[in-house]
file my_file_12.cif (mmCIF, C-alpha atoms)
data_my_file
loop_
_atom_site.label_atom_id
_atom_site.label_comp_id
_atom_site.auth_asym_id
_atom_site.auth_seq_id
_atom_site.Cartn_x
_atom_site.Cartn_y
_atom_site.Cartn_z
CA MET A 199 -36.36 13.73 -19.65
CA ASN A 200 -33.76 15.11 -22.08
CA ASP A 201 -32.86 17.77 -19.52
CA TYR A 202 -31.61 15.07 -17.15
CA VAL A 203 -29.66 12.82 -19.54
CA ALA A 204 -25.91 13.38 -19.15
CA TYR A 205 -24.83 10.60 -21.52
CA ILE A 206 -26.43 7.90 -23.64
CA ASP A 207 -25.19 5.20 -26.01
CA THR A 208 -26.41 1.83 -27.32
CA ASP A 209 -27.01 0.21 -23.94
CA SER A 210 -26.25 2.87 -21.32
CA CYS A 211 -27.98 5.99 -20.09
CA TYR A 212 -26.58 8.19 -17.33
CA ILE A 213 -28.95 10.60 -15.59
CA SER A 214 -27.60 13.70 -13.82
CA ILE A 215 -29.19 14.33 -10.44
CA TYR A 216 -28.55 18.07 -10.27
CA ASN A 217 -31.14 19.30 -12.78
CA TRP A 218 -33.61 16.89 -11.24
CA LEU A 219 -32.96 18.36 -7.78
CA LYS A 220 -33.33 21.92 -9.06
CA ASP A 221 -36.64 21.13 -10.74
CA ASN A 222 -37.88 19.55 -7.53
CA GLY A 223 -36.99 22.45 -5.26
CA ILE A 224 -33.71 21.14 -3.79
CA ASP A 225 -30.77 23.52 -4.16
CA GLU A 226 -27.17 22.30 -4.35
CA ASN A 227 -26.18 23.60 -0.90
CA THR A 228 -29.04 21.71 0.74
CA TRP A 229 -28.11 18.57 -1.17
CA GLU A 230 -24.45 18.75 -0.09
CA LYS A 231 -25.48 18.81 3.59
CA ILE A 232 -27.39 15.53 3.30
CA PRO A 233 -25.45 12.43 4.54
CA GLN A 234 -24.17 10.25 1.73
CA ASP A 235 -26.29 7.22 2.65
CA LYS A 236 -29.42 9.38 2.47
CA LYS A 237 -28.34 10.73 -0.91
CA ILE A 238 -27.89 7.19 -2.22
CA ASP A 239 -31.32 6.17 -0.93
CA TYR A 240 -32.85 9.17 -2.70
CA VAL A 241 -31.05 8.37 -5.96
CA LYS A 242 -32.18 4.75 -5.70
CA HIS A 243 -35.78 5.94 -5.31
CA ILE A 244 -35.53 8.16 -8.39
CA SER A 245 -33.82 5.35 -10.30
CA ASN A 246 -36.57 2.88 -9.44
CA GLU A 247 -39.21 5.31 -10.72
CA LEU A 248 -37.29 5.84 -13.96
CA GLU A 249 -36.67 2.12 -14.34
CA GLN A 250 -40.34 1.26 -13.96
CA TYR A 251 -41.47 4.00 -16.36
CA THR A 252 -38.83 3.12 -18.99
CA ASN A 253 -39.60 -0.59 -18.90
CA GLU A 254 -43.33 0.00 -19.21
CA GLN A 255 -42.88 2.36 -22.17
CA SER A 256 -40.32 0.09 -23.80
CA TYR A 257 -42.65 -2.91 -23.70
CA ASN A 258 -46.02 -1.25 -24.31
CA ILE A 259 -44.88 1.05 -27.11
CA THR A 260 -41.64 -0.18 -28.64
CA GLN A 261 -42.21 -3.93 -28.49
CA LYS A 262 -45.98 -4.26 -28.68
CA GLN A 263 -46.74 -1.44 -31.11
CA HIS A 264 -43.58 -1.08 -33.19
CA TYR A 265 -42.51 -4.74 -33.26
CA ASN A 266 -45.89 -6.38 -32.65
CA SER A 267 -44.48 -8.57 -29.88
CA ASP A 268 -46.71 -9.57 -26.96
CA GLU A 269 -44.38 -12.20 -25.60
CA GLU A 270 -43.35 -11.56 -21.99
CA ASP A 271 -40.34 -13.85 -22.51
CA PHE A 272 -38.90 -11.32 -24.93
CA LYS A 273 -39.61 -8.29 -22.78
CA ILE A 274 -36.72 -5.80 -22.82
CA VAL A 275 -35.74 -4.83 -19.27
CA PHE A 276 -33.61 -1.87 -18.21
CA GLU A 277 -32.03 -1.96 -14.75
CA GLN A 278 -30.14 0.54 -12.61
CA GLU A 279 -26.46 -0.42 -12.75
CA LYS A 280 -24.35 2.32 -11.17
CA ILE A 281 -24.60 5.24 -8.84
CA ALA A 282 -21.67 7.59 -9.36
CA LEU A 283 -20.41 10.59 -7.43
CA SER A 284 -19.18 12.25 -10.64
CA ALA A 285 -18.47 11.50 -14.28
CA LEU A 286 -16.38 12.69 -17.19
CA PHE A 287 -17.88 11.93 -20.60
CA VAL A 288 -15.54 12.44 -23.56
CA THR A 289 -17.17 10.77 -26.55
CA LYS A 290 -19.35 7.74 -27.14
CA LYS A 291 -18.16 4.80 -25.01
CA ARG A 292 -15.21 6.83 -23.69
CA TYR A 293 -15.81 8.04 -20.16
CA ALA A 294 -14.80 7.76 -16.51
CA THR A 295 -16.92 7.77 -13.35
CA TRP A 296 -16.26 7.81 -9.64
CA THR A 297 -18.55 4.90 -8.86
CA LEU A 298 -20.12 4.50 -5.45
CA LEU A 299 -22.38 1.51 -6.17
CA ASP A 300 -21.97 -1.00 -8.98
CA GLU A 301 -24.85 -3.47 -9.35
CA GLY A 302 -25.65 -3.07 -5.66
CA THR A 303 -22.07 -3.58 -4.46
CA TRP A 304 -20.26 -0.75 -2.69
CA LYS A 305 -17.23 0.30 -4.73
CA ASP A 306 -16.21 3.92 -4.06
CA ASP A 307 -13.56 3.81 -6.78
CA MET A 308 -12.90 5.02 -10.29
CA SER A 309 -14.32 3.20 -13.31
CA VAL A 310 -12.89 3.87 -16.77
CA THR A 311 -14.53 2.86 -20.06
CA GLY A 312 -12.69 3.25 -23.37
CA LEU A 313 -10.26 5.97 -22.23
CA GLU A 314 -6.71 4.97 -23.16
CA ILE A 315 -5.06 7.18 -20.56
CA ILE A 316 -2.83 4.37 -19.36
CA ARG A 317 -1.11 2.36 -22.07
CA SER A 318 0.46 -1.04 -21.51
CA ASP A 319 3.86 0.29 -22.59
CA SER A 320 3.83 3.04 -19.94
CA PRO A 321 6.37 2.69 -17.11
CA GLU A 322 4.84 0.96 -14.10
CA ILE A 323 5.80 3.85 -11.82
CA VAL A 324 3.84 6.28 -14.02
CA LYS A 325 0.55 4.38 -14.32
CA PRO A 326 -0.81 5.15 -10.82
CA MET A 327 0.34 8.77 -11.17
CA ILE A 328 -1.79 9.23 -14.29
CA LYS A 329 -4.73 7.41 -12.73
CA ASN A 330 -4.53 9.55 -9.59
CA VAL A 331 -4.80 12.82 -11.54
CA LEU A 332 -8.01 11.62 -13.20
CA ALA A 333 -9.30 10.48 -9.80
CA MET A 334 -8.53 13.90 -8.30
CA ILE A 335 -10.52 15.56 -11.10
CA LEU A 336 -13.49 13.26 -10.53
CA LYS A 337 -13.35 13.92 -6.77
CA SER A 338 -13.30 17.70 -7.37
CA TYR A 339 -9.87 18.44 -5.93
CA GLY A 340 -8.79 22.07 -6.24
CA ASP A 341 -6.44 23.22 -8.99
CA ASP A 342 -3.64 23.94 -6.50
CA ASP A 343 -3.83 20.40 -5.12
CA ILE A 344 -3.68 18.88 -8.61
CA ARG A 345 -0.82 21.17 -9.62
CA LYS A 346 1.12 20.28 -6.47
CA TYR A 347 0.61 16.55 -7.02
CA ILE A 348 1.83 16.77 -10.64
CA SER A 349 4.94 18.63 -9.50
CA GLN A 350 5.65 16.03 -6.81
CA CYS A 351 5.34 13.22 -9.35
CA LYS A 352 7.76 14.90 -11.76
CA LYS A 353 10.32 15.35 -9.01
CA LYS A 354 10.00 11.71 -8.03
CA LEU A 355 10.40 10.56 -11.64
CA LYS A 356 13.52 12.67 -12.08
CA VAL A 357 15.44 10.66 -9.48
CA CYS A 358 14.07 7.17 -10.15
CA LYS A 359 16.11 4.31 -11.60
CA PRO A 360 16.51 3.85 -15.38
CA SER A 361 14.54 0.61 -15.23
CA GLU A 362 11.65 2.40 -13.47
CA ILE A 363 11.22 5.26 -15.96
CA ALA A 364 11.77 3.04 -19.02
CA GLU A 365 8.97 2.29 -21.48
CA ASN A 366 7.93 -1.34 -21.99
CA LYS A 367 8.18 -2.25 -25.66
CA GLY A 368 7.88 -5.51 -27.55
CA ILE A 369 10.93 -6.57 -29.55
CA ASN A 370 10.21 -8.06 -32.99
CA LYS A 371 11.90 -8.42 -36.40
CA LEU A 372 15.44 -7.84 -35.14
CA ASP A 373 16.76 -9.76 -38.14
CA LYS A 374 14.97 -7.37 -40.51
CA TYR A 375 16.55 -4.21 -39.11
CA GLU A 376 19.92 -5.24 -37.66
CA LEU A 377 23.05 -4.92 -39.83
CA GLU A 378 26.66 -5.95 -39.28
CA ASN A 379 28.89 -4.08 -36.83
CA PHE A 380 25.90 -2.86 -34.82
CA GLY A 381 24.34 -0.97 -37.72
CA HIS A 382 20.63 -0.69 -38.52
CA ARG A 383 18.44 -0.03 -41.53
CA LYS A 384 16.66 3.26 -42.22
CA GLY A 385 13.28 3.41 -40.49
CA THR A 386 14.29 1.10 -37.63
CA PRO A 387 11.95 1.58 -34.62
CA HIS A 388 13.68 3.23 -31.68
CA GLN A 389 13.24 0.18 -29.42
CA ILE A 390 15.06 -1.96 -32.01
CA LYS A 391 17.82 0.64 -32.29
CA GLY A 392 17.99 0.44 -28.52
CA VAL A 393 18.63 -3.30 -28.63
CA ILE A 394 21.43 -2.89 -31.18
CA ASN A 395 22.94 -0.04 -29.15
CA PHE A 396 22.79 -2.06 -25.96
CA LYS A 397 24.52 -5.01 -27.62
CA MET A 398 27.28 -2.68 -28.77
CA LEU A 399 27.80 -1.22 -25.29
CA CYS A 400 27.90 -4.65 -23.70
CA GLU A 401 30.60 -5.74 -26.13
CA ARG A 402 32.73 -2.60 -25.90
CA LEU A 403 32.49 -2.33 -22.12
CA GLU A 404 32.69 -6.10 -21.62
CA LEU A 405 29.44 -6.20 -19.69
CA VAL A 406 27.62 -9.42 -18.89
CA SER A 407 23.88 -8.85 -19.24
CA ASP A 408 20.79 -10.50 -20.71
CA LEU A 409 20.21 -9.24 -24.26
CA PRO A 410 16.68 -8.56 -25.55
CA MET A 411 15.59 -11.08 -28.18
CA ASN A 412 12.65 -11.38 -30.55
CA GLY A 413 9.49 -11.90 -28.54
CA ASN A 414 10.89 -10.18 -25.44
CA LYS A 415 9.41 -7.19 -23.66
CA ALA A 416 12.32 -4.82 -23.24
CA LYS A 417 12.74 -1.67 -21.18
CA VAL A 418 13.51 1.31 -23.43
CA ILE A 419 15.05 4.64 -22.47
CA TYR A 420 16.33 7.73 -24.25
CA VAL A 421 19.80 8.88 -23.22
CA LYS A 422 21.70 12.16 -23.40
CA ASN A 423 24.59 12.80 -25.80
CA ASN A 424 27.42 10.42 -25.06
CA ALA A 425 30.77 9.16 -26.33
CA PHE A 426 29.12 6.13 -27.95
CA ASN A 427 26.75 8.25 -30.08
CA VAL A 428 23.63 6.32 -29.05
CA SER A 429 20.25 7.93 -28.35
CA SER A 430 18.28 4.99 -26.97
CA LEU A 431 18.91 1.73 -25.14
CA SER A 432 16.69 -1.33 -24.82
CA PHE A 433 17.52 -3.77 -22.05
CA ILE A 434 16.21 -6.49 -19.78
CA ASN A 435 18.24 -5.49 -16.72
CA TRP A 436 20.17 -2.25 -16.33
CA PRO A 437 23.90 -2.87 -15.62
CA ASN A 438 25.15 -0.58 -12.86
CA GLU A 439 28.37 -0.10 -14.81
CA LEU A 440 26.49 2.08 -17.29
CA ASP A 441 25.75 4.73 -14.67
CA SER A 442 29.25 6.19 -15.04
CA VAL A 443 29.19 6.43 -18.85
CA ILE A 444 25.51 6.94 -19.80
CA GLN A 445 23.05 9.57 -18.58
CA VAL A 446 19.33 8.92 -18.95
CA ASP A 447 17.48 11.78 -20.63
CA PHE A 448 15.02 12.16 -17.77
CA GLU A 449 13.55 15.33 -19.22
CA LYS A 450 12.51 13.53 -22.40
CA MET A 451 11.38 10.39 -20.58
CA VAL A 452 9.24 12.30 -18.08
CA HIS A 453 7.78 14.50 -20.83
CA ASN A 454 6.90 11.57 -23.11
CA ASN A 455 5.63 9.17 -20.49
CA TYR A 456 4.06 11.45 -17.91
CA VAL A 457 3.58 15.07 -18.98
CA LYS A 458 2.05 14.29 -22.39
CA LYS A 459 -0.29 11.69 -20.85
CA ILE A 460 -1.34 14.05 -18.05
CA GLU A 461 -1.93 16.80 -20.59
CA LYS A 462 -4.48 14.59 -22.38
CA VAL A 463 -6.33 14.05 -19.10
CA LEU A 464 -6.28 17.74 -18.18
CA LYS A 465 -7.49 18.80 -21.64
CA LEU A 466 -10.66 16.80 -21.08
CA VAL A 467 -11.69 19.34 -18.44
CA GLY A 468 -9.91 22.42 -19.79
CA LYS A 469 -7.20 22.38 -17.12
CA GLU A 470 -4.07 21.92 -19.23
CA ASN A 471 -2.84 25.23 -17.80
CA LEU A 472 -2.00 23.33 -14.61
CA LEU A 473 1.04 21.93 -16.43
CA SER A 474 2.43 25.32 -17.41
CA ASN A 475 2.62 26.45 -13.79
CA ASP A 476 3.14 23.27 -11.78
CA MET A 477 6.13 24.53 -9.77
CA GLY A 478 8.49 23.36 -12.49
CA LEU A 479 11.12 20.68 -12.61
CA PHE A 480 13.55 21.04 -15.51
#
call {"tool": "encode", "arguments": {"input": "my_file_12.cif", "output": "structure tokens"}}
result
Amino acid sequence: MNDYVAYIDTDSCYISIYNWLKDNGIDENTWEKIPQDKKIDYVKHISNELEQYTNEQSYNITQKQHYNSDEEDFKIVFEQEKIALSALFVTKKRYATWTLLDEGTWKDDMSVTGLEIIRSDSPEIVKPMIKNVLAMILKSYGDDDIRKYISQCKKKLKVCKPSEIAENKGINKLDKYELENFGHRKGTPHQIKGVINFKMLCERLELVSDLPMNGNKAKVIYVKNNAFNVSSLSFINWPNELDSVIQVDFEKMVHNNYVKKIEKVLKLVGKENLLSNDMGLF
């Protein structure tokens, strides 16, 4: 049985079908020609056999012999939960599958457990882009297709609005870090510096805009060298008047919020080279 186990933890065990097929005289090419519904029926049949065997052994040996329990009410039962097209197992309780069936319900979608590939502070426009790369890997897209998609995403991010590429950061302890005349203490987090910088710009340029306060979720961007000597801005809404005096550092924003996240995904399957030759952007 060990030859067929792809992953196991406290309460989950994933069985790979391919070694099973090979040992039972079915080569991969023959398997790929079988219609998907027939494949699922076959997997269900194998799963039922494994389920029955595992439950019998679990009760007769583990419970009755090791724990001296004959009570049917306490019988441990294992059940088939998912049938997946593919899976990517990283470490214990950190994996992703392209799930076809989940507890008998047709899904045909990606399931992610424990992989923090998409953080809550990531720009909304970036989240589906990261998810799609992982989905393409699980669905066995070719390297050229993945590389092309990454390049298209980078080009799209380069021309998006500041509010779209901005990170989403919580604002706390402004009073602790903010000094008079728009100064800040050493060690001030960049999103707090961004709030102070934004306040300063609004005053100097006489802009009317909502100012981030403690407890707010602010949008945070890095900006290129400018006459105001600020490197980051944190805002609620981006004033259009800033477009003529401030340039967003798109290279840094795209690298931090997309490229670095995609690199983590690609490293899981040894494909980080797709970033070094993805048709470029900057």
call {"tool": "closest_residue", "arguments": {"input": "my_file_12.cif", "among": "A:Leu464, A:Leu399, A:Val357, A:Ala282", "to": "Val331 (chain A)", "atoms": "all atoms listed in the file"}}
result
A:Leu464
call {"tool": "closest_atom_pairs", "arguments": {"input": "my_file_12.cif", "of": "region 229-314 of chain A", "to": "region 333-356 of chain A", "cutoff": "10 Å", "atoms": "all atoms listed in the file", "output": "JSON lines"}}
result
{"residue": "A:Leu283", "atom": "CA", "partner": "A:Lys337", "partner_atom": "CA", "distance": 7.8}
{"residue": "A:Ser284", "atom": "CA", "partner": "A:Leu336", "partner_atom": "CA", "distance": 5.8}
{"residue": "A:Ala285", "atom": "CA", "partner": "A:Leu336", "partner_atom": "CA", "distance": 6.5}
{"residue": "A:Leu286", "atom": "CA", "partner": "A:Leu336", "partner_atom": "CA", "distance": 7.3}
{"residue": "A:Ala294", "atom": "CA", "partner": "A:Leu336", "partner_atom": "CA", "distance": 8.2}
{"residue": "A:Thr295", "atom": "CA", "partner": "A:Leu336", "partner_atom": "CA", "distance": 7.1}
{"residue": "A:Trp296", "atom": "CA", "partner": "A:Leu336", "partner_atom": "CA", "distance": 6.2}
{"residue": "A:Thr297", "atom": "CA", "partner": "A:Leu336", "partner_atom": "CA", "distance": 9.9}
{"residue": "A:Asp307", "atom": "CA", "partner": "A:Ala333", "partner_atom": "CA", "distance": 8.5}
{"residue": "A:Met308", "atom": "CA", "partner": "A:Ala333", "partner_atom": "CA", "distance": 6.6}
{"residue": "A:Ser309", "atom": "CA", "partner": "A:Ala333", "partner_atom": "CA", "distance": 9.5}
call {"tool": "resolve_selection", "arguments": {"input": "my_file_12.cif", "expression": "the PyMOL selection byres ((chain A and resi 240-245) around 9)", "output": "MDAnalysis selection string"}}
result
chainID A and resid 213 215 235:239 246:250 277:278 281
call {"tool": "resolve_selection", "arguments": {"input": "my_file_12.cif", "expression": "the PyMOL selection byres ((chain A and resi 201) around 12)", "output": "VMD selection string"}}
result
chain A and resid 199 to 200 202 to 205 212 to 221
call {"tool": "resolve_selection", "arguments": {"input": "my_file_12.cif", "expression": "the PyMOL selection byres ((chain A and resi 315) around 8)", "output": "NGL selection string"}}
result
:A and (313-314 or 316-317 or 328-329 or 459 or 462-463)
call {"tool": "atom_distance", "arguments": {"input": "my_file_12.cif", "atom1": "CA of Phe380 (chain A)", "atom2": "CA of Asn455 (chain A)"}}
result
27.6 Å
call {"tool": "atom_distance", "arguments": {"input": "my_file_12.cif", "atom1": "CA of Ser407 (chain A)", "atom2": "CA of His453 (chain A)"}}
result
28.4 Å
call {"tool": "atom_distance", "arguments": {"input": "my_file_12.cif", "atom1": "CA of Phe272 (chain A)", "atom2": "CA of Asp207 (chain A)"}}
result
21.5 Å
call {"tool": "residues_around", "arguments": {"input": "my_file_12.cif", "residues": "Ala364 (chain A)", "least_positions_apart": "4", "cutoff": "7 Å", "atoms": "only C-alpha atoms", "output": "list in words"}}
result
Pro321, Pro360, Lys417, Val418 and Ile419 of chain A
call {"tool": "residues_around", "arguments": {"input": "my_file_12.cif", "residues": "Pro410 (chain A)", "least_positions_apart": "4", "cutoff": "7 Å", "atoms": "only C-alpha atoms", "output": "JSON list (two decimals) with C-alpha atoms, keeping the file's coordinate frame"}}
result
[["chain", "number", "residue", "atom", "x", "y", "z"],
["A", 393, "VAL", "CA", 18.63, -3.30, -28.63],
["A", 414, "ASN", "CA", 10.89, -10.18, -25.44],
["A", 416, "ALA", "CA", 12.32, -4.82, -23.24],
["A", 433, "PHE", "CA", 17.52, -3.77, -22.05],
["A", 434, "ILE", "CA", 16.21, -6.49, -19.78]]
call {"tool": "residues_around", "arguments": {"input": "my_file_12.cif", "residues": "Leu299 (chain A)", "least_positions_apart": "5", "cutoff": "8 Å", "atoms": "all atoms listed in the file", "output": "list in words"}}
result
Glu279, Lys280, Ile281, Ala282, Trp304, Lys305 and Asp306 of chain A
call {"tool": "write_last_selection", "arguments": {"input": "my_file_12.cif", "atoms": "C-alpha atoms", "output": "PDB file, in the coordinates of the input"}}
result
ATOM      1  CA  GLU A 279     -26.460  -0.420 -12.750  1.00  0.00           C
ATOM      2  CA  LYS A 280     -24.350   2.320 -11.170  1.00  0.00           C
ATOM      3  CA  ILE A 281     -24.600   5.240  -8.840  1.00  0.00           C
ATOM      4  CA  ALA A 282     -21.670   7.590  -9.360  1.00  0.00           C
ATOM      5  CA  TRP A 304     -20.260  -0.750  -2.690  1.00  0.00           C
ATOM      6  CA  LYS A 305     -17.230   0.300  -4.730  1.00  0.00           C
ATOM      7  CA  ASP A 306     -16.210   3.920  -4.060  1.00  0.00           C
TER       8      ASP A 306
END
